[in-house]
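The file data-v2.cif contains mmCIF, C-alpha atoms:
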```cif
data_work
loop_
_atom_site.label_atom_id
_atom_site.label_comp_id
_atom_site.auth_asym_id
_atom_site.auth_seq_id
_atom_site.Cartn_x
_atom_site.Cartn_y
_atom_site.Cartn_z
CA MET A 1 -60.71 0.03 -77.37
CA ASN A 2 -58.71 3.24 -77.71
CA SER A 3 -55.90 2.68 -80.24
CA THR A 4 -53.70 5.44 -78.79
CA ILE A 5 -53.80 3.86 -75.33
CA LEU A 6 -53.17 0.44 -76.85
CA LEU A 7 -50.02 1.60 -78.66
CA LYS A 8 -48.72 3.37 -75.56
CA LEU A 9 -49.11 0.32 -73.33
CA ARG A 10 -47.80 -2.16 -75.92
CA ALA A 11 -44.46 -0.38 -75.72
CA VAL A 12 -44.25 -0.75 -71.93
CA ARG A 13 -42.33 -3.76 -70.65
CA CYS A 14 -41.69 -2.55 -67.10
CA PHE A 15 -43.96 -0.74 -64.65
CA LEU A 16 -42.64 1.36 -61.78
CA LEU A 17 -45.56 1.23 -59.34
CA ASP A 18 -46.22 3.73 -56.63
CA MET A 19 -47.66 2.01 -53.57
CA ASP A 20 -49.89 4.00 -51.20
CA GLY A 21 -52.84 5.42 -53.12
CA THR A 22 -51.97 3.34 -56.19
CA PHE A 23 -51.70 -0.33 -55.18
CA TYR A 24 -53.15 -0.07 -51.70
CA LEU A 25 -54.53 2.61 -49.41
CA GLY A 26 -53.19 2.37 -45.89
CA ASP A 27 -53.69 -1.28 -44.99
CA ARG A 28 -56.42 -1.89 -47.58
CA LEU A 29 -55.56 -3.52 -50.90
CA LEU A 30 -57.19 -1.57 -53.71
CA GLU A 31 -59.63 -3.50 -55.90
CA GLY A 32 -58.00 -5.01 -58.97
CA SER A 33 -54.38 -4.57 -57.85
CA LEU A 34 -53.56 -8.28 -57.72
CA ALA A 35 -55.38 -8.85 -61.01
CA PHE A 36 -53.13 -6.21 -62.58
CA LEU A 37 -50.01 -8.08 -61.43
CA SER A 38 -51.46 -11.31 -62.82
CA ALA A 39 -51.87 -9.60 -66.19
CA LEU A 40 -48.23 -8.49 -66.07
CA ARG A 41 -47.19 -12.07 -65.36
CA ARG A 42 -49.28 -13.44 -68.25
CA THR A 43 -47.88 -10.91 -70.71
CA GLY A 44 -44.24 -11.23 -69.64
CA ARG A 45 -43.88 -7.78 -68.13
CA GLN A 46 -42.07 -6.81 -64.96
CA ALA A 47 -42.81 -4.41 -62.12
CA LEU A 48 -40.86 -2.67 -59.38
CA PHE A 49 -42.66 -1.01 -56.50
CA LEU A 50 -41.25 2.49 -56.15
CA THR A 51 -42.23 4.48 -53.08
CA ASN A 52 -41.25 7.87 -51.75
CA ASN A 53 -42.45 6.86 -48.28
CA SER A 54 -39.28 6.53 -46.19
CA SER A 55 -41.09 5.88 -42.90
CA GLN A 56 -40.41 2.14 -43.36
CA ASN A 57 -37.61 0.14 -44.93
CA SER A 58 -37.88 -2.03 -48.02
CA GLN A 59 -38.14 -5.25 -45.98
CA ALA A 60 -41.22 -3.95 -44.13
CA TYR A 61 -42.89 -3.04 -47.43
CA VAL A 62 -42.12 -6.46 -48.91
CA GLN A 63 -43.71 -8.10 -45.87
CA LYS A 64 -46.78 -5.88 -46.23
CA LEU A 65 -47.14 -6.76 -49.91
CA ARG A 66 -46.77 -10.47 -49.12
CA ARG A 67 -49.57 -10.22 -46.54
CA MET A 68 -51.74 -8.64 -49.23
CA GLY A 69 -51.19 -11.61 -51.55
CA VAL A 70 -48.34 -10.38 -53.74
CA THR A 71 -45.94 -13.14 -54.80
CA GLU A 72 -42.67 -13.39 -56.71
CA PRO A 73 -41.43 -12.00 -59.01
CA PHE A 74 -43.23 -8.86 -57.86
CA LEU A 75 -41.90 -8.67 -54.28
CA ARG A 76 -39.40 -5.97 -55.20
CA VAL A 77 -39.48 -2.57 -53.51
CA TYR A 78 -37.17 0.41 -53.93
CA THR A 79 -37.67 3.29 -51.49
CA SER A 80 -36.50 6.88 -51.35
CA GLY A 81 -34.67 5.88 -48.17
CA GLN A 82 -32.60 3.31 -50.05
CA ALA A 83 -31.94 5.80 -52.85
CA ALA A 84 -30.90 8.43 -50.29
CA GLY A 85 -28.55 5.93 -48.67
CA ARG A 86 -26.84 5.26 -52.00
CA TYR A 87 -26.59 8.99 -52.65
CA VAL A 88 -24.99 9.94 -49.32
CA LEU A 89 -22.51 7.06 -49.48
CA ASP A 90 -21.26 8.53 -52.77
CA ALA A 91 -21.57 12.22 -51.86
CA PHE A 92 -20.29 12.07 -48.28
CA PRO A 93 -17.99 9.03 -47.99
CA GLY A 94 -17.10 8.38 -44.36
CA LYS A 95 -19.20 11.31 -43.17
CA ARG A 96 -21.82 11.03 -40.42
CA ALA A 97 -25.49 11.88 -40.76
CA PHE A 98 -27.99 13.38 -38.37
CA LEU A 99 -31.13 11.46 -39.26
CA LEU A 100 -34.73 12.53 -38.96
CA GLY A 101 -36.33 9.16 -39.49
CA ASN A 102 -38.05 6.14 -38.01
CA GLU A 103 -36.14 3.18 -36.60
CA PRO A 104 -36.64 0.97 -39.70
CA LEU A 105 -34.98 3.63 -41.89
CA ARG A 106 -32.18 4.03 -39.34
CA LEU A 107 -31.53 0.28 -39.39
CA GLU A 108 -31.59 0.11 -43.18
CA LEU A 109 -29.12 2.97 -43.54
CA GLU A 110 -26.80 1.39 -40.98
CA GLU A 111 -26.97 -1.92 -42.89
CA MET A 112 -26.01 -0.02 -46.04
CA GLY A 113 -22.97 1.37 -44.24
CA VAL A 114 -24.17 4.94 -43.65
CA PRO A 115 -22.62 6.28 -40.40
CA LEU A 116 -25.19 8.01 -38.16
CA ASP A 117 -24.37 10.45 -35.38
CA ASP A 118 -26.88 12.63 -33.55
CA LYS A 119 -24.24 14.58 -31.59
CA SER A 120 -21.51 15.58 -34.07
CA PRO A 121 -22.87 14.99 -37.59
CA ASP A 122 -21.44 16.22 -40.87
CA TYR A 123 -24.78 16.58 -42.66
CA VAL A 124 -28.55 16.30 -42.12
CA LEU A 125 -30.66 13.58 -43.74
CA ALA A 126 -34.40 14.10 -43.36
CA GLY A 127 -36.88 11.28 -43.92
CA PHE A 128 -40.59 10.85 -43.21
CA ASP A 129 -40.34 10.67 -39.41
CA THR A 130 -43.61 9.65 -37.74
CA THR A 131 -41.84 9.61 -34.34
CA LEU A 132 -40.88 13.26 -34.67
CA ASP A 133 -40.83 15.36 -31.51
CA TYR A 134 -39.93 18.98 -30.81
CA ALA A 135 -36.44 18.17 -29.56
CA LYS A 136 -35.51 16.30 -32.75
CA LEU A 137 -36.99 19.00 -34.95
CA SER A 138 -35.18 21.74 -33.02
CA ARG A 139 -31.88 19.89 -33.34
CA ALA A 140 -32.39 19.48 -37.09
CA CYS A 141 -33.10 23.20 -37.43
CA GLU A 142 -29.99 24.02 -35.41
CA LEU A 143 -27.81 21.95 -37.72
CA VAL A 144 -29.42 23.25 -40.91
CA ARG A 145 -29.12 26.82 -39.65
CA ALA A 146 -25.43 26.19 -39.00
CA GLY A 147 -24.98 25.42 -42.69
CA LEU A 148 -24.55 21.65 -42.72
CA PRO A 149 -25.44 19.96 -46.02
CA TYR A 150 -29.14 19.11 -45.95
CA ILE A 151 -30.65 16.17 -47.87
CA ALA A 152 -34.28 15.01 -47.93
CA THR A 153 -35.50 11.61 -49.00
CA HIS A 154 -38.55 12.95 -50.88
CA PRO A 155 -40.81 16.03 -51.21
CA ASP A 156 -44.36 14.70 -50.55
CA ARG A 157 -46.49 17.11 -48.55
CA ASN A 158 -49.06 14.56 -47.38
CA CYS A 159 -49.33 10.80 -47.04
CA PRO A 160 -52.67 9.18 -47.99
CA THR A 161 -54.43 6.94 -45.46
CA GLU A 162 -57.74 5.12 -45.36
CA THR A 163 -59.26 8.07 -43.49
CA GLY A 164 -57.67 10.97 -45.35
CA PHE A 165 -54.18 12.48 -45.28
CA ILE A 166 -51.44 12.89 -42.68
CA PRO A 167 -48.50 15.32 -42.88
CA ASP A 168 -45.54 13.88 -44.78
CA ILE A 169 -41.95 15.06 -45.06
CA GLY A 170 -42.97 18.11 -47.12
CA ALA A 171 -44.59 19.50 -43.98
CA ILE A 172 -41.38 18.82 -42.04
CA ILE A 173 -39.35 20.57 -44.75
CA ALA A 174 -41.72 23.56 -44.53
CA PHE A 175 -41.21 23.75 -40.74
CA ILE A 176 -37.44 23.68 -41.12
CA ASP A 177 -37.61 26.32 -43.87
CA ALA A 178 -39.79 28.58 -41.71
CA SER A 179 -37.22 28.40 -38.92
CA THR A 180 -33.97 28.43 -40.92
CA GLY A 181 -34.77 29.94 -44.32
CA ARG A 182 -33.30 26.86 -46.04
CA GLN A 183 -34.74 24.25 -48.34
CA PRO A 184 -32.93 20.93 -48.80
CA ASP A 185 -29.81 21.09 -50.92
CA THR A 186 -30.77 17.79 -52.54
CA ILE A 187 -34.03 15.81 -52.70
CA ILE A 188 -33.72 12.17 -53.73
CA GLY A 189 -37.23 10.73 -54.28
CA LYS A 190 -39.75 11.23 -57.06
CA PRO A 191 -39.70 13.44 -59.12
CA TYR A 192 -35.91 13.72 -58.80
CA ARG A 193 -33.19 11.79 -60.58
CA GLY A 194 -31.72 9.94 -57.62
CA ILE A 195 -34.53 7.43 -57.24
CA VAL A 196 -35.11 7.12 -61.01
CA ASP A 197 -31.50 6.16 -61.78
CA GLY A 198 -31.56 3.54 -59.03
CA ALA A 199 -34.88 2.09 -60.18
CA LEU A 200 -33.85 1.77 -63.83
CA ALA A 201 -30.57 0.15 -62.78
CA LEU A 202 -32.48 -2.43 -60.73
CA THR A 203 -34.91 -3.30 -63.54
CA GLY A 204 -32.43 -3.14 -66.41
CA SER A 205 -35.11 -1.41 -68.48
CA SER A 206 -34.72 1.72 -70.55
CA ALA A 207 -36.89 4.74 -69.82
CA ALA A 208 -38.59 4.34 -73.20
CA GLU A 209 -39.95 0.89 -72.26
CA THR A 210 -40.86 1.88 -68.70
CA ALA A 211 -44.06 3.37 -67.26
CA MET A 212 -44.28 5.35 -64.05
CA VAL A 213 -47.69 4.70 -62.45
CA GLY A 214 -49.02 6.64 -59.50
CA ASP A 215 -51.70 8.79 -57.92
CA ARG A 216 -49.75 12.02 -57.45
CA LEU A 217 -49.21 14.62 -60.11
CA TYR A 218 -46.25 16.47 -58.62
CA THR A 219 -44.24 13.31 -57.90
CA ASP A 220 -45.33 10.31 -59.98
CA ILE A 221 -46.54 12.09 -63.10
CA VAL A 222 -43.75 14.64 -63.23
CA THR A 223 -41.24 11.80 -62.81
CA GLY A 224 -42.58 9.93 -65.82
CA VAL A 225 -42.74 12.97 -68.06
CA ASN A 226 -39.37 14.45 -67.04
CA PHE A 227 -37.42 11.21 -67.47
CA GLY A 228 -38.86 9.98 -70.74
CA MET A 229 -41.17 7.29 -69.38
CA THR A 230 -44.85 6.71 -70.05
CA SER A 231 -46.61 8.61 -67.29
CA ILE A 232 -49.81 6.98 -65.98
CA LEU A 233 -52.15 8.47 -63.40
CA VAL A 234 -54.59 6.35 -61.41
CA LEU A 235 -57.48 8.03 -59.60
CA THR A 236 -57.39 5.87 -56.47
CA GLY A 237 -55.37 8.26 -54.32
CA GLU A 238 -54.57 11.94 -54.17
CA ALA A 239 -55.23 13.42 -57.62
CA SER A 240 -58.64 14.06 -59.17
CA PRO A 241 -59.58 14.89 -62.79
CA GLU A 242 -60.02 18.50 -61.66
CA ASP A 243 -56.44 18.50 -60.35
CA VAL A 244 -55.23 17.29 -63.74
CA GLU A 245 -56.93 20.23 -65.44
CA ARG A 246 -55.13 22.69 -63.17
CA PHE A 247 -51.71 21.01 -63.14
CA PRO A 248 -49.21 22.09 -65.84
CA THR A 249 -47.67 18.65 -66.39
CA LYS A 250 -50.19 16.22 -67.87
CA PRO A 251 -50.06 12.41 -67.61
CA HIS A 252 -49.86 10.49 -70.85
CA LEU A 253 -52.65 8.17 -69.69
CA ILE A 254 -55.31 8.22 -66.96
CA PHE A 255 -57.14 5.22 -65.51
CA ASP A 256 -59.57 4.91 -62.64
CA ARG A 257 -57.49 2.07 -61.19
CA LEU A 258 -54.66 -0.30 -62.11
CA SER A 259 -56.94 -3.09 -63.30
CA ASP A 260 -58.46 -0.84 -65.99
CA MET A 261 -55.22 -1.36 -67.93
CA ILE A 262 -55.66 -5.14 -68.16
CA PRO A 263 -57.66 -5.26 -71.45
CA TYR A 264 -54.98 -3.16 -73.16
CA LEU A 265 -52.12 -5.26 -71.77
CA GLU A 266 -53.72 -8.47 -73.05
CA ALA A 267 -54.89 -7.16 -76.43
#
```
Could you rewrite the structure in this file as structure tokens?
Amino acid sequence: MNSTILLKLRAVRCFLLDMDGTFYLGDRLLEGSLAFLSALRRTGRQALFLTNNSSQNSQAYVQKLRRMGVTEPFLRVYTSGQAAGRYVLDAFPGKRAFLLGNEPLRLELEEMGVPLDDKSPDYVLAGFDTTLDYAKLSRACELVRAGLPYIATHPDRNCPTETGFIPDIGAIIAFIDASTGRQPDTIIGKPYRGIVDGALALTGSSAAETAMVGDRLYTDIVTGVNFGMTSILVLTGEASPEDVERFPTKPHLIFDRLSDMIPYLEA
């Protein structure tokens, strides 16, 4: 057993877990994921699922995890959509958003008290919209080009599926940039502060006793390193060992899958 890995993981009391590509892939639970949660339970550690994917709301993700066999106290999910909702309520009180987003995100934002208005908005909020059509995209570009504040829930370029990758919000951002010459004024999700502050507030854990675990270098790993957490890469999703060699920010630890951490957690 590697003593360096052992010391790193002994200090971790809370795990922020990416979801797609880390805990499951599409609708398929990854091998060893439930065993990993069982090890956290046995060793008195906590976990919060932390996803950049704003195509669904937190309730939908909790239901998905429950179908996969996850039980309390691990049915906790914090999304970039929720973090974005908290941000805009503070930054634009009483102001109305033009939303690029699926219906579950729209409903969640409305429940949080975020006013939405497609006709006369005060700012643009872009999420991962899998119902996107040309009319919606053109309207978003029109508003961004006019100079309205422009917020994005997260930066991911692709979303992993069981059969490969599909374009994520990063591709939408690139389209808007190509048309308007503007990038978002603020991005909320990993690796940015908005989602990190919200996650640590929910768990009550300090960054020093928290690990960020995920499959993406430019979101999950950068988040852990930049915010003083233990940064753990799993090789069940997007990143490969070759990607790690090329990427400037290195994870503190690398495992093939979540369950490979179990012997260290129980040592």
Residues selected by the PyMOL selection byres ((chain A and resi 213-230) around 6), written as a list in words: Leu17, Asp18, Gly21, Thr22, Lys190, Pro191, Ala207, Ala208, Thr210, Ala211, Met212, Ser231, Ile232, Leu233, Val234, Gly237, Glu238, Ala239 and Pro251 of chain A
Write out as CSV the residues of stretch 120-222 of chain A that have any atom within 9 Å of an atom of stretch 41-65 of chain A, one row each with the nearest atom pair and its distance in Å to one decimal, counting all atoms listed in the file, sorted by chain and then rising number.
```
residue,atom,partner,partner_atom,distance
A:Gly127,CA,A:Ser54,CA,5.8
A:Phe128,CA,A:Ser55,CA,5.0
A:Asp129,CA,A:Ser55,CA,6.0
A:Thr130,CA,A:Ser55,CA,6.9
A:Thr153,CA,A:Ser54,CA,6.9
A:His154,CA,A:Asn52,CA,5.8
A:Pro155,CA,A:Asn52,CA,8.2
A:Asp156,CA,A:Asn52,CA,7.6
A:Cys159,CA,A:Asn53,CA,8.0
A:Asp168,CA,A:Asn53,CA,8.4
A:Ile169,CA,A:Asn53,CA,8.8
A:Ile188,CA,A:Asn52,CA,8.9
A:Gly189,CA,A:Asn52,CA,5.5
A:Lys190,CA,A:Asn52,CA,6.5
A:Ile195,CA,A:Leu50,CA,8.4
A:Ala199,CA,A:Leu50,CA,7.5
A:Leu202,CA,A:Leu48,CA,8.5
A:Thr203,CA,A:Leu48,CA,7.3
A:Met212,CA,A:Leu50,CA,8.9
A:Thr219,CA,A:Asn52,CA,8.7
```
Evaluate the PyMOL selection byres ((chain A and resi 147) around 12) here and jot the selected residues down as a PDB file with C-alpha atoms, in the coordinates of the input.
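File produced: out.pdb:
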```pdb
ATOM      1  CA  PRO A 121     -22.870  14.990 -37.590  1.00  0.00           C
ATOM      2  CA  ASP A 122     -21.440  16.220 -40.870  1.00  0.00           C
ATOM      3  CA  TYR A 123     -24.780  16.580 -42.660  1.00  0.00           C
ATOM      4  CA  VAL A 124     -28.550  16.300 -42.120  1.00  0.00           C
ATOM      5  CA  ALA A 140     -32.390  19.480 -37.090  1.00  0.00           C
ATOM      6  CA  CYS A 141     -33.100  23.200 -37.430  1.00  0.00           C
ATOM      7  CA  GLU A 142     -29.990  24.020 -35.410  1.00  0.00           C
ATOM      8  CA  LEU A 143     -27.810  21.950 -37.720  1.00  0.00           C
ATOM      9  CA  VAL A 144     -29.420  23.250 -40.910  1.00  0.00           C
ATOM     10  CA  ARG A 145     -29.120  26.820 -39.650  1.00  0.00           C
ATOM     11  CA  ALA A 146     -25.430  26.190 -39.000  1.00  0.00           C
ATOM     12  CA  LEU A 148     -24.550  21.650 -42.720  1.00  0.00           C
ATOM     13  CA  PRO A 149     -25.440  19.960 -46.020  1.00  0.00           C
ATOM     14  CA  TYR A 150     -29.140  19.110 -45.950  1.00  0.00           C
ATOM     15  CA  THR A 180     -33.970  28.430 -40.920  1.00  0.00           C
ATOM     16  CA  GLY A 181     -34.770  29.940 -44.320  1.00  0.00           C
ATOM     17  CA  ARG A 182     -33.300  26.860 -46.040  1.00  0.00           C
ATOM     18  CA  GLN A 183     -34.740  24.250 -48.340  1.00  0.00           C
ATOM     19  CA  PRO A 184     -32.930  20.930 -48.800  1.00  0.00           C
ATOM     20  CA  ASP A 185     -29.810  21.090 -50.920  1.00  0.00           C
TER      21      ASP A 185
END
```
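Of note, atom CA of A:Ile262 and atom CA of A:Ala201 are spaced 26.2 Å apart.
In this structure, atom CA of A:Arg257 sits 28.5 Å away from atom CA of A:Ile187.
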So that I can see what lies close to A:Ser33, please list as an mmCIF file with C-alpha atoms, keeping the file's coordinate frame the residues with an atom at most 7 Å from it, counting only C-alpha atoms and leaving out residues fewer than 6 positions away in the same chain.
```cif
data_model
loop_
_atom_site.group_PDB
_atom_site.id
_atom_site.type_symbol
_atom_site.label_atom_id
_atom_site.label_comp_id
_atom_site.auth_asym_id
_atom_site.auth_seq_id
_atom_site.Cartn_x
_atom_site.Cartn_y
_atom_site.Cartn_z
ATOM 1 C CA PHE A 23 -51.700 -0.330 -55.180
ATOM 2 C CA LEU A 258 -54.660 -0.300 -62.110
ATOM 3 C CA SER A 259 -56.940 -3.090 -63.300
#
```
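Using all atoms listed in the file, the shortest contact distance between A:Arg157 and any of A:Val77, A:Ile172, A:Gly32, A:Gln82 is found at A:Ile172.
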Exercise: A:Val114 partners within 8 Å, all atoms listed in the file, chain neighbours under 2 positions left out, as a PyMOL selection string: chain A and resi 85+88-89+94+96-97+109-112+116
Just-selected residues, C-alpha atoms written as a short mmCIF file (atom, residue, chain, number, x, y, z; two decimals), keeping the file's coordinate frame:
```cif
data_model
loop_
_atom_site.label_atom_id
_atom_site.label_comp_id
_atom_site.auth_asym_id
_atom_site.auth_seq_id
_atom_site.Cartn_x
_atom_site.Cartn_y
_atom_site.Cartn_z
CA GLY A 85 -28.55 5.93 -48.67
CA VAL A 88 -24.99 9.94 -49.32
CA LEU A 89 -22.51 7.06 -49.48
CA GLY A 94 -17.10 8.38 -44.36
CA ARG A 96 -21.82 11.03 -40.42
CA ALA A 97 -25.49 11.88 -40.76
CA LEU A 109 -29.12 2.97 -43.54
CA GLU A 110 -26.80 1.39 -40.98
CA GLU A 111 -26.97 -1.92 -42.89
CA MET A 112 -26.01 -0.02 -46.04
CA LEU A 116 -25.19 8.01 -38.16
#
```
For stretch 131-135 of chain A: contacts at 8 Å, only C-alpha atoms, fewer than 2 positions along chain excluded, given as a PyMOL selection string: chain A and resi 100-102+129+137-139
Residue among A:Arg13, A:Lys250, A:Lys8, A:Arg66 lying closest to A:Ser205, counting only C-alpha atoms: A:Arg13
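Here the PyMOL selection byres ((chain A and resi 266) around 10) matches the residues A:Leu6, A:Leu9, A:Arg10, A:Ala39, A:Leu40, A:Arg42, A:Thr43, A:Met261, A:Ile262, A:Pro263, A:Tyr264, A:Leu265, A:Ala267.
You can rank A:Phe255, A:Phe15, A:Thr186, A:Met1 by their closest distance to A:Gly204 using only C-alpha atoms, and at the top of that list sits A:Phe15.
If you look at atom CA of A:Tyr24 and atom CA of A:Val70, they are 11.6 Å away from each other.
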I need stretch 117-133 of chain A from the structure I supplied, saved as a PDB file, in the first residue's frame with N, CA and C atoms retained.
```
ATOM      1  N   ASP A 117     -38.033  35.471 -18.350  1.00  0.00           N
ATOM      2  CA  ASP A 117     -38.796  36.240 -19.336  1.00  0.00           C
ATOM      3  C   ASP A 117     -38.089  36.134 -20.685  1.00  0.00           C
ATOM      4  N   ASP A 118     -38.711  35.469 -21.634  1.00  0.00           N
ATOM      5  CA  ASP A 118     -38.093  35.296 -22.944  1.00  0.00           C
ATOM      6  C   ASP A 118     -38.195  36.550 -23.808  1.00  0.00           C
ATOM      7  N   LYS A 119     -39.153  37.436 -23.510  1.00  0.00           N
ATOM      8  CA  LYS A 119     -39.430  38.571 -24.395  1.00  0.00           C
ATOM      9  C   LYS A 119     -38.659  39.827 -24.023  1.00  0.00           C
ATOM     10  N   SER A 120     -38.625  40.167 -22.727  1.00  0.00           N
ATOM     11  CA  SER A 120     -37.959  41.410 -22.303  1.00  0.00           C
ATOM     12  C   SER A 120     -37.049  41.137 -21.109  1.00  0.00           C
ATOM     13  N   PRO A 121     -36.013  40.321 -21.306  1.00  0.00           N
ATOM     14  CA  PRO A 121     -35.146  39.947 -20.184  1.00  0.00           C
ATOM     15  C   PRO A 121     -34.120  41.029 -19.871  1.00  0.00           C
ATOM     16  N   ASP A 122     -33.540  40.898 -18.673  1.00  0.00           N
ATOM     17  CA  ASP A 122     -32.481  41.807 -18.249  1.00  0.00           C
ATOM     18  C   ASP A 122     -31.094  41.196 -18.399  1.00  0.00           C
ATOM     19  N   TYR A 123     -31.027  39.866 -18.492  1.00  0.00           N
ATOM     20  CA  TYR A 123     -29.751  39.183 -18.668  1.00  0.00           C
ATOM     21  C   TYR A 123     -30.007  37.811 -19.287  1.00  0.00           C
ATOM     22  N   VAL A 124     -28.927  37.177 -19.745  1.00  0.00           N
ATOM     23  CA  VAL A 124     -29.001  35.858 -20.372  1.00  0.00           C
ATOM     24  C   VAL A 124     -28.362  34.837 -19.443  1.00  0.00           C
ATOM     25  N   LEU A 125     -29.063  33.729 -19.214  1.00  0.00           N
ATOM     26  CA  LEU A 125     -28.532  32.617 -18.434  1.00  0.00           C
ATOM     27  C   LEU A 125     -28.541  31.380 -19.319  1.00  0.00           C
ATOM     28  N   ALA A 126     -27.361  30.885 -19.631  1.00  0.00           N
ATOM     29  CA  ALA A 126     -27.222  29.735 -20.528  1.00  0.00           C
ATOM     30  C   ALA A 126     -26.917  28.480 -19.733  1.00  0.00           C
ATOM     31  N   GLY A 127     -27.728  27.444 -19.939  1.00  0.00           N
ATOM     32  CA  GLY A 127     -27.480  26.128 -19.367  1.00  0.00           C
ATOM     33  C   GLY A 127     -27.261  25.115 -20.477  1.00  0.00           C
ATOM     34  N   PHE A 128     -27.110  23.853 -20.096  1.00  0.00           N
ATOM     35  CA  PHE A 128     -26.960  22.766 -21.062  1.00  0.00           C
ATOM     36  C   PHE A 128     -28.355  22.431 -21.579  1.00  0.00           C
ATOM     37  N   ASP A 129     -28.679  22.967 -22.759  1.00  0.00           N
ATOM     38  CA  ASP A 129     -30.025  22.879 -23.323  1.00  0.00           C
ATOM     39  C   ASP A 129     -30.056  21.818 -24.416  1.00  0.00           C
ATOM     40  N   THR A 130     -30.609  20.653 -24.097  1.00  0.00           N
ATOM     41  CA  THR A 130     -30.704  19.573 -25.094  1.00  0.00           C
ATOM     42  C   THR A 130     -31.947  19.710 -25.957  1.00  0.00           C
ATOM     43  N   THR A 131     -32.757  20.755 -25.710  1.00  0.00           N
ATOM     44  CA  THR A 131     -33.921  21.040 -26.567  1.00  0.00           C
ATOM     45  C   THR A 131     -33.641  22.247 -27.457  1.00  0.00           C
ATOM     46  N   LEU A 132     -32.389  22.620 -27.570  1.00  0.00           N
ATOM     47  CA  LEU A 132     -31.995  23.817 -28.299  1.00  0.00           C
ATOM     48  C   LEU A 132     -32.441  23.756 -29.750  1.00  0.00           C
ATOM     49  N   ASP A 133     -32.964  24.867 -30.256  1.00  0.00           N
ATOM     50  CA  ASP A 133     -33.252  24.985 -31.686  1.00  0.00           C
ATOM     51  C   ASP A 133     -32.680  26.308 -32.193  1.00  0.00           C
TER      52      ASP A 133
END
```
